[in-house]
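Novice: Structure: protein.pdb, PDB, C-alpha atoms and all ligand atoms.
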MODEL        1
ATOM      1  CA  MET A1164      58.662 209.189 -34.673
ATOM      2  CA  GLU A1165      58.270 206.976 -37.694
ATOM      3  CA  VAL A1166      61.239 205.901 -39.831
ATOM      4  CA  VAL A1167      60.465 204.847 -43.391
ATOM      5  CA  LYS A1168      62.700 203.586 -46.161
ATOM      6  CA  GLN A1169      60.312 203.378 -49.056
ATOM      7  CA  ILE A1170      58.654 206.097 -51.097
ATOM      8  CA  SER A1171      55.348 204.195 -51.208
ATOM      9  CA  GLU A1172      55.327 203.861 -47.423
ATOM     10  CA  LEU A1173      56.146 207.539 -46.978
ATOM     11  CA  LYS A1174      53.294 208.590 -49.260
ATOM     12  CA  LYS A1175      50.920 206.274 -47.414
ATOM     13  CA  VAL A1176      51.759 207.919 -44.083
ATOM     14  CA  LEU A1177      51.583 211.467 -45.475
ATOM     15  CA  LYS A1178      48.332 211.185 -47.436
ATOM     16  CA  PRO A1179      45.760 211.102 -44.586
ATOM     17  CA  LEU A1180      47.622 213.802 -42.685
ATOM     18  CA  ARG A1181      47.578 216.138 -45.659
ATOM     19  CA  GLY A1182      43.801 215.589 -45.857
ATOM     20  CA  HIS A1183      43.495 217.160 -42.409
ATOM     21  CA  SER A1184      45.190 220.264 -43.844
ATOM     22  CA  LYS A1185      48.298 219.852 -41.777
ATOM     23  CA  SER A1186      51.275 221.888 -42.928
ATOM     24  CA  VAL A1187      54.247 219.734 -43.828
ATOM     25  CA  SER A1188      57.870 220.835 -43.591
ATOM     26  CA  LEU A1189      60.895 219.096 -45.038
ATOM     27  CA  VAL A1190      64.495 219.264 -43.843
ATOM     28  CA  PRO A1191      66.730 217.484 -46.381
ATOM     29  CA  THR A1192      70.020 216.210 -44.915
ATOM     30  CA  MET A1193      72.810 213.760 -45.605
ATOM     31  CA  GLY A1194      72.925 212.601 -41.979
ATOM     32  CA  ALA A1195      75.870 212.693 -39.544
ATOM     33  CA  LEU A1196      73.632 215.213 -37.859
ATOM     34  CA  HIS A1197      74.829 218.020 -35.598
ATOM     35  CA  GLN A1198      73.256 221.043 -33.923
ATOM     36  CA  GLY A1199      73.272 222.942 -37.248
ATOM     37  CA  HIS A1200      70.833 220.406 -38.667
ATOM     38  CA  ILE A1201      68.861 220.396 -35.427
ATOM     39  CA  HIS A1202      68.495 224.156 -35.652
ATOM     40  CA  LEU A1203      66.752 223.698 -39.008
ATOM     41  CA  VAL A1204      64.573 220.972 -37.528
ATOM     42  CA  LYS A1205      63.594 223.125 -34.537
ATOM     43  CA  GLN A1206      62.591 225.992 -36.775
ATOM     44  CA  ALA A1207      60.538 223.581 -38.885
ATOM     45  CA  ARG A1208      58.943 222.179 -35.710
ATOM     46  CA  HIS A1209      58.001 225.702 -34.690
ATOM     47  CA  GLU A1210      56.446 226.633 -38.041
ATOM     48  CA  SER A1211      54.588 223.526 -39.192
ATOM     49  CA  ASP A1212      52.357 220.671 -38.028
ATOM     50  CA  LEU A1213      54.374 217.828 -39.442
ATOM     51  CA  VAL A1214      58.172 217.683 -39.694
ATOM     52  CA  VAL A1215      59.780 215.334 -42.182
ATOM     53  CA  VAL A1216      63.571 214.903 -42.234
ATOM     54  CA  SER A1217      65.306 213.027 -45.019
ATOM     55  CA  ILE A1218      68.670 211.371 -44.490
ATOM     56  CA  PHE A1219      70.278 210.389 -47.751
ATOM     57  CA  VAL A1220      73.931 210.600 -48.781
ATOM     58  CA  ASN A1221      73.196 211.539 -52.358
ATOM     59  CA  PRO A1222      75.862 209.852 -54.507
ATOM     60  CA  ILE A1223      75.266 211.971 -57.610
ATOM     61  CA  GLN A1224      76.185 215.236 -55.912
ATOM     62  CA  PHE A1225      79.689 214.013 -55.043
ATOM     63  CA  ASN A1226      82.293 214.740 -57.667
ATOM     64  CA  ASN A1227      85.017 213.087 -55.572
ATOM     65  CA  PRO A1228      84.522 209.311 -54.984
ATOM     66  CA  SER A1229      86.746 209.295 -51.894
ATOM     67  CA  ASP A1230      84.690 212.112 -50.329
ATOM     68  CA  LEU A1231      81.563 209.995 -50.890
ATOM     69  CA  ALA A1232      83.159 206.825 -49.516
ATOM     70  CA  GLN A1233      84.415 208.637 -46.410
ATOM     71  CA  TYR A1234      81.319 210.710 -45.768
ATOM     72  CA  PRO A1235      80.404 210.058 -42.092
ATOM     73  CA  ARG A1236      77.379 207.843 -41.476
ATOM     74  CA  THR A1237      75.925 207.835 -37.948
ATOM     75  CA  LEU A1238      72.325 206.711 -38.414
ATOM     76  CA  SER A1239      71.431 205.510 -34.913
ATOM     77  CA  ALA A1240      72.781 208.679 -33.274
ATOM     78  CA  ASP A1241      70.952 210.730 -35.951
ATOM     79  CA  LEU A1242      67.638 209.073 -35.174
ATOM     80  CA  LYS A1243      68.066 209.717 -31.456
ATOM     81  CA  LEU A1244      68.756 213.440 -32.108
ATOM     82  CA  LEU A1245      65.726 213.702 -34.383
ATOM     83  CA  GLU A1246      63.447 211.925 -31.927
ATOM     84  CA  ASP A1247      64.556 214.331 -29.165
ATOM     85  CA  ALA A1248      63.911 217.292 -31.480
ATOM     86  CA  GLY A1249      60.297 216.187 -31.990
ATOM     87  CA  VAL A1250      60.481 215.053 -35.620
ATOM     88  CA  ASP A1251      57.445 213.126 -36.887
ATOM     89  CA  LEU A1252      58.819 211.271 -39.855
ATOM     90  CA  VAL A1253      62.308 210.323 -41.064
ATOM     91  CA  PHE A1254      62.846 209.212 -44.638
ATOM     92  CA  VAL A1255      65.978 207.078 -45.015
ATOM     93  CA  PRO A1256      65.952 205.669 -48.545
ATOM     94  CA  GLU A1257      68.517 203.315 -50.061
ATOM     95  CA  ASN A1258      70.273 204.390 -53.276
ATOM     96  CA  SER A1259      68.102 201.962 -55.254
ATOM     97  CA  GLU A1260      64.941 203.626 -53.949
ATOM     98  CA  MET A1261      66.015 207.113 -55.056
ATOM     99  CA  TYR A1262      67.766 205.970 -58.247
ATOM    100  CA  PRO A1263      66.002 202.880 -59.615
ATOM    101  CA  SER A1264      67.549 203.801 -62.960
ATOM    102  CA  GLU A1265      70.256 206.179 -64.039
ATOM    103  CA  VAL A1266      68.966 209.755 -64.203
ATOM    104  CA  GLN A1267      69.094 211.254 -67.672
ATOM    105  CA  VAL A1268      67.620 214.698 -67.058
ATOM    106  CA  ALA A1269      70.059 217.415 -66.116
ATOM    107  CA  PHE A1270      69.769 220.878 -64.611
ATOM    108  CA  ARG A1271      71.728 223.927 -65.702
ATOM    109  CA  PHE A1272      71.917 226.974 -63.507
ATOM    110  CA  GLY A1273      73.701 229.327 -65.882
ATOM    111  CA  ALA A1274      76.190 231.730 -64.311
ATOM    112  CA  LEU A1275      75.370 230.397 -60.847
ATOM    113  CA  GLU A1276      77.021 227.077 -61.565
ATOM    114  CA  GLU A1277      80.106 228.575 -63.177
ATOM    115  CA  VAL A1278      81.540 230.104 -60.009
ATOM    116  CA  LEU A1279      82.740 228.963 -56.575
ATOM    117  CA  GLU A1280      81.206 225.571 -55.702
ATOM    118  CA  GLY A1281      79.857 225.229 -59.228
ATOM    119  CA  ALA A1282      83.323 225.713 -60.718
ATOM    120  CA  PHE A1283      85.229 223.590 -58.220
ATOM    121  CA  ARG A1284      82.666 220.778 -57.988
ATOM    122  CA  PRO A1285      81.432 220.155 -61.547
ATOM    123  CA  GLY A1286      78.037 218.453 -61.545
ATOM    124  CA  HIS A1287      77.496 219.084 -57.849
ATOM    125  CA  PHE A1288      74.518 221.425 -58.195
ATOM    126  CA  ASN A1289      72.914 219.213 -60.821
ATOM    127  CA  GLY A1290      73.075 216.349 -58.309
ATOM    128  CA  VAL A1291      71.667 218.529 -55.542
ATOM    129  CA  ALA A1292      68.842 219.783 -57.769
ATOM    130  CA  ILE A1293      67.895 216.270 -58.855
ATOM    131  CA  VAL A1294      67.669 214.868 -55.342
ATOM    132  CA  VAL A1295      65.895 217.926 -53.942
ATOM    133  CA  SER A1296      63.388 217.883 -56.833
ATOM    134  CA  LYS A1297      62.713 214.206 -56.152
ATOM    135  CA  LEU A1298      62.186 214.911 -52.446
ATOM    136  CA  PHE A1299      59.873 217.832 -53.237
ATOM    137  CA  HIS A1300      57.828 215.649 -55.592
ATOM    138  CA  ILE A1301      57.635 212.747 -53.183
ATOM    139  CA  ILE A1302      56.907 214.704 -49.982
ATOM    140  CA  GLN A1303      55.214 217.827 -51.382
ATOM    141  CA  PRO A1304      56.192 219.970 -48.406
ATOM    142  CA  ASP A1305      54.709 223.406 -47.738
ATOM    143  CA  LEU A1306      58.013 224.559 -46.289
ATOM    144  CA  ALA A1307      61.584 223.432 -46.966
ATOM    145  CA  TYR A1308      64.552 224.321 -44.763
ATOM    146  CA  PHE A1309      68.132 224.965 -45.855
ATOM    147  CA  GLY A1310      71.205 226.345 -44.098
ATOM    148  CA  GLN A1311      73.022 229.565 -44.903
ATOM    149  CA  LYS A1312      76.161 227.459 -44.412
ATOM    150  CA  ASP A1313      75.632 226.323 -48.038
ATOM    151  CA  LEU A1314      74.933 229.804 -49.326
ATOM    152  CA  GLN A1315      75.288 229.133 -53.040
ATOM    153  CA  GLN A1316      73.113 226.030 -52.679
ATOM    154  CA  VAL A1317      70.354 228.272 -51.299
ATOM    155  CA  SER A1318      70.459 230.335 -54.509
ATOM    156  CA  VAL A1319      70.338 227.140 -56.587
ATOM    157  CA  ILE A1320      67.310 225.888 -54.637
ATOM    158  CA  ARG A1321      65.523 229.229 -54.943
ATOM    159  CA  ARG A1322      66.114 229.118 -58.713
ATOM    160  CA  LEU A1323      64.848 225.540 -58.863
ATOM    161  CA  VAL A1324      61.678 226.396 -56.932
ATOM    162  CA  LYS A1325      61.078 229.469 -59.089
ATOM    163  CA  ASP A1326      61.725 227.848 -62.465
ATOM    164  CA  LEU A1327      59.778 224.650 -61.747
ATOM    165  CA  GLN A1328      57.085 226.499 -59.764
ATOM    166  CA  PHE A1329      57.251 224.205 -56.769
ATOM    167  CA  ASP A1330      54.403 225.214 -54.466
ATOM    168  CA  LEU A1331      56.449 225.703 -51.320
ATOM    169  CA  GLN A1332      58.360 228.279 -49.341
ATOM    170  CA  VAL A1333      62.105 228.087 -48.870
ATOM    171  CA  ARG A1334      63.321 228.952 -45.379
ATOM    172  CA  VAL A1335      66.977 229.769 -44.740
ATOM    173  CA  VAL A1336      68.519 229.287 -41.303
ATOM    174  CA  PRO A1337      71.720 231.047 -40.134
ATOM    175  CA  THR A1338      74.917 229.033 -39.737
ATOM    176  CA  VAL A1339      75.381 227.391 -36.351
ATOM    177  CA  ARG A1340      78.973 227.555 -35.091
ATOM    178  CA  GLU A1341      81.107 226.131 -32.323
ATOM    179  CA  THR A1342      81.904 228.677 -29.588
ATOM    180  CA  ASP A1343      85.243 229.459 -31.268
ATOM    181  CA  GLY A1344      83.510 230.175 -34.580
ATOM    182  CA  LEU A1345      84.070 226.952 -36.558
ATOM    183  CA  ALA A1346      80.950 226.256 -38.624
ATOM    184  CA  LEU A1347      79.368 222.931 -37.667
ATOM    185  CA  SER A1348      79.723 220.427 -40.490
ATOM    186  CA  SER A1349      79.343 216.671 -40.785
ATOM    187  CA  ARG A1350      82.813 216.628 -42.346
ATOM    188  CA  ASN A1351      84.310 218.019 -39.101
ATOM    189  CA  LEU A1352      84.007 214.445 -37.780
ATOM    190  CA  ARG A1353      86.853 213.526 -40.116
ATOM    191  CA  LEU A1354      89.280 216.082 -38.647
ATOM    192  CA  SER A1355      92.074 215.134 -36.232
ATOM    193  CA  PRO A1356      92.470 217.433 -33.179
ATOM    194  CA  GLU A1357      95.285 219.350 -34.949
ATOM    195  CA  GLN A1358      93.254 219.651 -38.129
ATOM    196  CA  ARG A1359      90.303 220.846 -36.079
ATOM    197  CA  LEU A1360      92.475 223.785 -34.932
ATOM    198  CA  GLN A1361      93.585 224.486 -38.487
ATOM    199  CA  ALA A1362      89.992 224.398 -39.691
ATOM    200  CA  LEU A1363      89.307 227.459 -37.578
ATOM    201  CA  SER A1364      91.416 229.425 -40.086
ATOM    202  CA  LEU A1365      88.432 229.493 -42.448
ATOM    203  CA  TYR A1366      86.274 231.418 -40.008
ATOM    204  CA  LYS A1367      89.160 233.631 -38.888
ATOM    205  CA  CYS A1368      89.883 234.452 -42.507
ATOM    206  CA  LEU A1369      86.236 235.405 -43.132
ATOM    207  CA  GLU A1370      86.151 237.579 -40.023
ATOM    208  CA  SER A1371      89.385 239.362 -40.977
ATOM    209  CA  ALA A1372      88.159 239.868 -44.539
ATOM    210  CA  LYS A1373      84.902 241.340 -43.298
ATOM    211  CA  SER A1374      86.556 243.669 -40.829
ATOM    212  CA  GLU A1375      89.086 244.907 -43.437
ATOM    213  CA  LEU A1376      86.284 245.612 -45.909
ATOM    214  CA  LEU A1377      84.166 247.389 -43.328
ATOM    215  CA  LYS A1378      87.199 249.533 -42.455
ATOM    216  CA  GLY A1379      87.187 250.621 -46.083
ATOM    217  CA  ASN A1380      90.206 248.625 -47.238
ATOM    218  CA  ALA A1381      90.315 247.412 -50.833
ATOM    219  CA  TRP A1382      89.219 243.832 -51.541
ATOM    220  CA  PHE A1383      92.155 243.192 -53.862
ATOM    221  CA  ASP A1384      94.702 243.893 -51.092
ATOM    222  CA  THR A1385      92.695 242.149 -48.380
ATOM    223  CA  LYS A1386      92.277 239.015 -50.458
ATOM    224  CA  LYS A1387      95.943 238.918 -51.432
ATOM    225  CA  GLN A1388      97.058 239.302 -47.855
ATOM    226  CA  LEU A1389      94.690 236.629 -46.517
ATOM    227  CA  GLU A1390      95.468 234.186 -49.323
ATOM    228  CA  GLY A1391      99.124 234.509 -48.349
ATOM    229  CA  GLY A1392      98.317 233.022 -44.945
ATOM    230  CA  PHE A1393      97.372 229.711 -46.587
ATOM    231  CA  ASP A1394     100.444 229.307 -48.766
ATOM    232  CA  HIS A1395     102.821 227.970 -46.170
ATOM    233  CA  SER A1396     100.975 224.846 -45.089
ATOM    234  CA  LYS A1397     100.127 221.848 -47.231
ATOM    235  CA  GLU A1398      97.692 220.738 -44.541
ATOM    236  CA  LEU A1399      95.636 223.861 -45.153
ATOM    237  CA  ARG A1400      95.029 224.494 -48.842
ATOM    238  CA  LEU A1401      92.827 227.354 -49.959
ATOM    239  CA  GLU A1402      90.582 226.695 -52.937
ATOM    240  CA  TYR A1403      88.850 230.048 -53.118
ATOM    241  CA  LEU A1404      88.213 233.191 -51.132
ATOM    242  CA  GLU A1405      85.739 235.468 -52.897
ATOM    243  CA  LEU A1406      83.660 238.518 -52.269
ATOM    244  CA  VAL A1407      80.370 237.938 -54.104
ATOM    245  CA  ASP A1408      77.196 239.826 -54.945
ATOM    246  CA  LEU A1409      74.499 237.619 -53.474
ATOM    247  CA  ASP A1410      71.905 238.175 -56.188
ATOM    248  CA  ASP A1411      73.921 236.350 -58.862
ATOM    249  CA  PHE A1412      76.936 235.045 -56.920
ATOM    250  CA  ARG A1413      79.362 236.707 -59.275
ATOM    251  CA  PRO A1414      82.714 237.487 -57.638
ATOM    252  CA  ALA A1415      82.845 241.221 -56.934
ATOM    253  CA  GLU A1416      85.894 243.448 -57.148
ATOM    254  CA  LYS A1417      84.923 245.797 -54.367
ATOM    255  CA  ARG A1418      82.624 246.361 -51.467
ATOM    256  CA  LYS A1419      79.324 247.843 -52.581
ATOM    257  CA  PRO A1420      77.330 248.834 -49.480
ATOM    258  CA  GLU A1421      74.175 249.290 -51.554
ATOM    259  CA  LEU A1422      74.217 245.578 -52.569
ATOM    260  CA  LYS A1423      73.871 242.418 -50.520
ATOM    261  CA  GLN A1424      77.304 240.853 -50.547
ATOM    262  CA  GLY A1425      78.988 237.921 -48.866
ATOM    263  CA  ILE A1426      82.455 236.445 -48.524
ATOM    264  CA  CYS A1427      82.773 232.751 -49.351
ATOM    265  CA  ILE A1428      85.655 230.423 -48.644
ATOM    266  CA  ALA A1429      86.538 226.814 -49.475
ATOM    267  CA  ALA A1430      89.690 225.094 -48.250
ATOM    268  CA  TYR A1431      91.105 221.640 -47.733
ATOM    269  CA  VAL A1432      92.257 220.704 -44.246
ATOM    270  CA  GLY A1433      94.243 217.563 -45.005
ATOM    271  CA  GLU A1434      91.844 215.640 -47.252
ATOM    272  CA  VAL A1435      88.713 217.218 -45.862
ATOM    273  CA  ARG A1436      87.147 219.982 -47.909
ATOM    274  CA  LEU A1437      85.324 222.615 -45.865
ATOM    275  CA  ILE A1438      83.275 225.646 -46.889
ATOM    276  CA  ASP A1439      82.033 228.652 -44.974
ATOM    277  CA  ASN A1440      80.718 232.142 -45.629
ATOM    278  CA  ILE A1441      79.798 235.380 -43.962
ATOM    279  CA  ILE A1442      77.274 237.987 -45.066
ATOM    280  CA  LEU A1443      78.229 241.671 -45.077
ATOM    281  CA  ASP A1444      75.549 243.777 -43.460
TER     282      ASP A1444
HETATM  283  P1  LIG A1501      73.970 218.380 -45.208
HETATM  284  O1  LIG A1501      73.559 217.229 -44.348
HETATM  285  O2  LIG A1501      75.385 218.795 -45.022
HETATM  286  O3  LIG A1501      73.549 218.213 -46.642
HETATM  287  O4  LIG A1501      73.131 219.613 -44.661
HETATM  288  C1  LIG A1501      71.729 219.595 -44.602
HETATM  289  C2  LIG A1501      71.249 220.989 -44.359
HETATM  290  O5  LIG A1501      71.773 221.478 -43.124
HETATM  291  C3  LIG A1501      71.704 221.965 -45.451
HETATM  292  O6  LIG A1501      70.639 222.827 -45.795
HETATM  293  C4  LIG A1501      72.838 222.701 -44.799
HETATM  294  O7  LIG A1501      73.034 224.003 -45.306
HETATM  295  C5  LIG A1501      72.378 222.742 -43.344
HETATM  296  N1  LIG A1501      73.528 222.919 -42.456
HETATM  297  C6  LIG A1501      74.703 222.243 -42.479
HETATM  298  N2  LIG A1501      75.553 222.732 -41.556
HETATM  299  C7  LIG A1501      74.891 223.751 -40.939
HETATM  300  C8  LIG A1501      75.241 224.668 -39.892
HETATM  301  N3  LIG A1501      76.428 224.637 -39.304
HETATM  302  N4  LIG A1501      74.313 225.575 -39.523
HETATM  303  C9  LIG A1501      73.099 225.624 -40.128
HETATM  304  N5  LIG A1501      72.713 224.786 -41.114
HETATM  305  C10 LIG A1501      73.595 223.874 -41.514
ENDMDL
END
Show me this structure written as structure tokens.
Ligand code: AMP

Specialist:
Amino acid sequence: MEVVKQISELKKVLKPLRGHSKSVSLVPTMGALHQGHIHLVKQARHESDLVVVSIFVNPIQFNNPSDLAQYPRTLSADLKLLEDAGVDLVFVPENSEMYPSEVQVAFRFGALEEVLEGAFRPGHFNGVAIVVSKLFHIIQPDLAYFGQKDLQQVSVIRRLVKDLQFDLQVRVVPTVRETDGLALSSRNLRLSPEQRLQALSLYKCLESAKSELLKGNAWFDTKKQLEGGFDHSKELRLEYLELVDLDDFRPAEKRKPELKQGICIAAYVGEVRLIDNIILD
């Protein structure tokens, strides 16, 4: 496994391989890797000749400076996990490599960026789109892997690929969870043991919401009841709980079995902001 820090070096390694018509996959990450990331990597390994993983804590997608400063960084453990998973190339750029000058272009995603993560994290999807576009340009993958864990981000990436006609396929991998249901997340490393237990409320809330809806109960009542469960604890602060239509991510008022819908949640456990979602089949 080769680890490169510079774009020029990365291109030099990739060029001859591309000439031998090898398919290249890219798994963009921010490091502090866990089995969720490795699941993406394994799928990429299965479907392509050459697997490239990027590890870059992208400063411009953080709207909260303390979240950026405290984002876990575990590079040597990450590299060991990637080596064991059979990755060929790891791209670990410095900030100055990705942002030699301040970026002036900006992306707008219309209605998609006005709801949920877009509304609560202004500028977040612009930052994601800029870094992912840069990675696509630099690496020119045939396949790019993203997790369902960041469901709205998947829609943003699909829009980006469509509008800019990137010549690649987007692959989406289901959310990997702990045995009790907690979605794996790099931010879980910041939770104390008590907070770790509280964090499970996100998944429990999604499961209850789904089962109430599938029983035919109204979303308005279900949401109100579940939101109530968060009110009593300052350690566990709900930001949103929404039923959404997955084609445009607009919050929906009721279950529509004929449409693809999901339930999305974001909540703070102490200072750590977590998100999760569940798709209604
Ligand atoms: P991150 O390092 O958090 O930016 O995540 C990198 C990629 O891994 C994103 O496409 C995430 O959606 C995906 N990912 C993060 N957590 C999980 C998980 N628990 N299961 C599956 N994919 C995940």

Novice: How would you write, as a PyMOL selection string, the residues chosen by the PyMOL selection byres (((chain A and resi 1385) around 12) and not hetatm) on this structure?

Specialist: chain A and resi 1368-1384+1386-1392+1404-1406+1416-1418+1426

Novice: Please write the residues picked by the PyMOL selection byres (((not hetatm)) within 9 of (chain A and resi 1501)) on this file as a PyMOL selection string.

Specialist: chain A and resi 1190-1203+1218-1221+1308-1314+1316-1317+1335-1341+1345-1350+1439

Novice: Show me, as a list in words, the residues that have an atom within 8 Å of region 1292-1304 of chain A when counting all atoms listed in the file, minus same-chain residues fewer than 3 positions from it.

Specialist: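 That gives Ile1170, Leu1173, Lys1174, Leu1177, Ser1186, Val1187, Ser1188, Leu1189, Pro1191, Asn1221, Met1261, Ala1269, Phe1270, Phe1288, Asn1289, Ala1307, Val1319, Ile1320, Leu1323, Phe1329 and Leu1331 of chain A.
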
Novice: Please dump the current selection as a PDB file, in the coordinates of the input; keep C-alpha atoms.

Specialist:
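Writing done, so here's result_2.pdb:
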ATOM      1  CA  ILE A1170      58.654 206.097 -51.097  1.00  0.00           C
ATOM      2  CA  LEU A1173      56.146 207.539 -46.978  1.00  0.00           C
ATOM      3  CA  LYS A1174      53.294 208.590 -49.260  1.00  0.00           C
ATOM      4  CA  LEU A1177      51.583 211.467 -45.475  1.00  0.00           C
ATOM      5  CA  SER A1186      51.275 221.888 -42.928  1.00  0.00           C
ATOM      6  CA  VAL A1187      54.247 219.734 -43.828  1.00  0.00           C
ATOM      7  CA  SER A1188      57.870 220.835 -43.591  1.00  0.00           C
ATOM      8  CA  LEU A1189      60.895 219.096 -45.038  1.00  0.00           C
ATOM      9  CA  PRO A1191      66.730 217.484 -46.381  1.00  0.00           C
ATOM     10  CA  ASN A1221      73.196 211.539 -52.358  1.00  0.00           C
ATOM     11  CA  MET A1261      66.015 207.113 -55.056  1.00  0.00           C
ATOM     12  CA  ALA A1269      70.059 217.415 -66.116  1.00  0.00           C
ATOM     13  CA  PHE A1270      69.769 220.878 -64.611  1.00  0.00           C
ATOM     14  CA  PHE A1288      74.518 221.425 -58.195  1.00  0.00           C
ATOM     15  CA  ASN A1289      72.914 219.213 -60.821  1.00  0.00           C
ATOM     16  CA  ALA A1307      61.584 223.432 -46.966  1.00  0.00           C
ATOM     17  CA  VAL A1319      70.338 227.140 -56.587  1.00  0.00           C
ATOM     18  CA  ILE A1320      67.310 225.888 -54.637  1.00  0.00           C
ATOM     19  CA  LEU A1323      64.848 225.540 -58.863  1.00  0.00           C
ATOM     20  CA  PHE A1329      57.251 224.205 -56.769  1.00  0.00           C
ATOM     21  CA  LEU A1331      56.449 225.703 -51.320  1.00  0.00           C
TER      22      LEU A1331
END

Novice: Between CA of Glu1265 (chain A) and CA of Val1216 (chain A), measure the distance and give it in Å to one decimal.

Specialist: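 Separating CA of Glu1265 (chain A) from CA of Val1216 (chain A) is a distance of 24.4 Å.
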
Novice: Using all atoms listed in the file for the distances, tell me which of A:Asp1343, A:Glu1210, A:Glu1276, A:Glu1434 is nearest to Gln1315 (chain A).

Specialist: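 Distance minimum relative to Gln1315 (chain A) lands on A:Glu1276.
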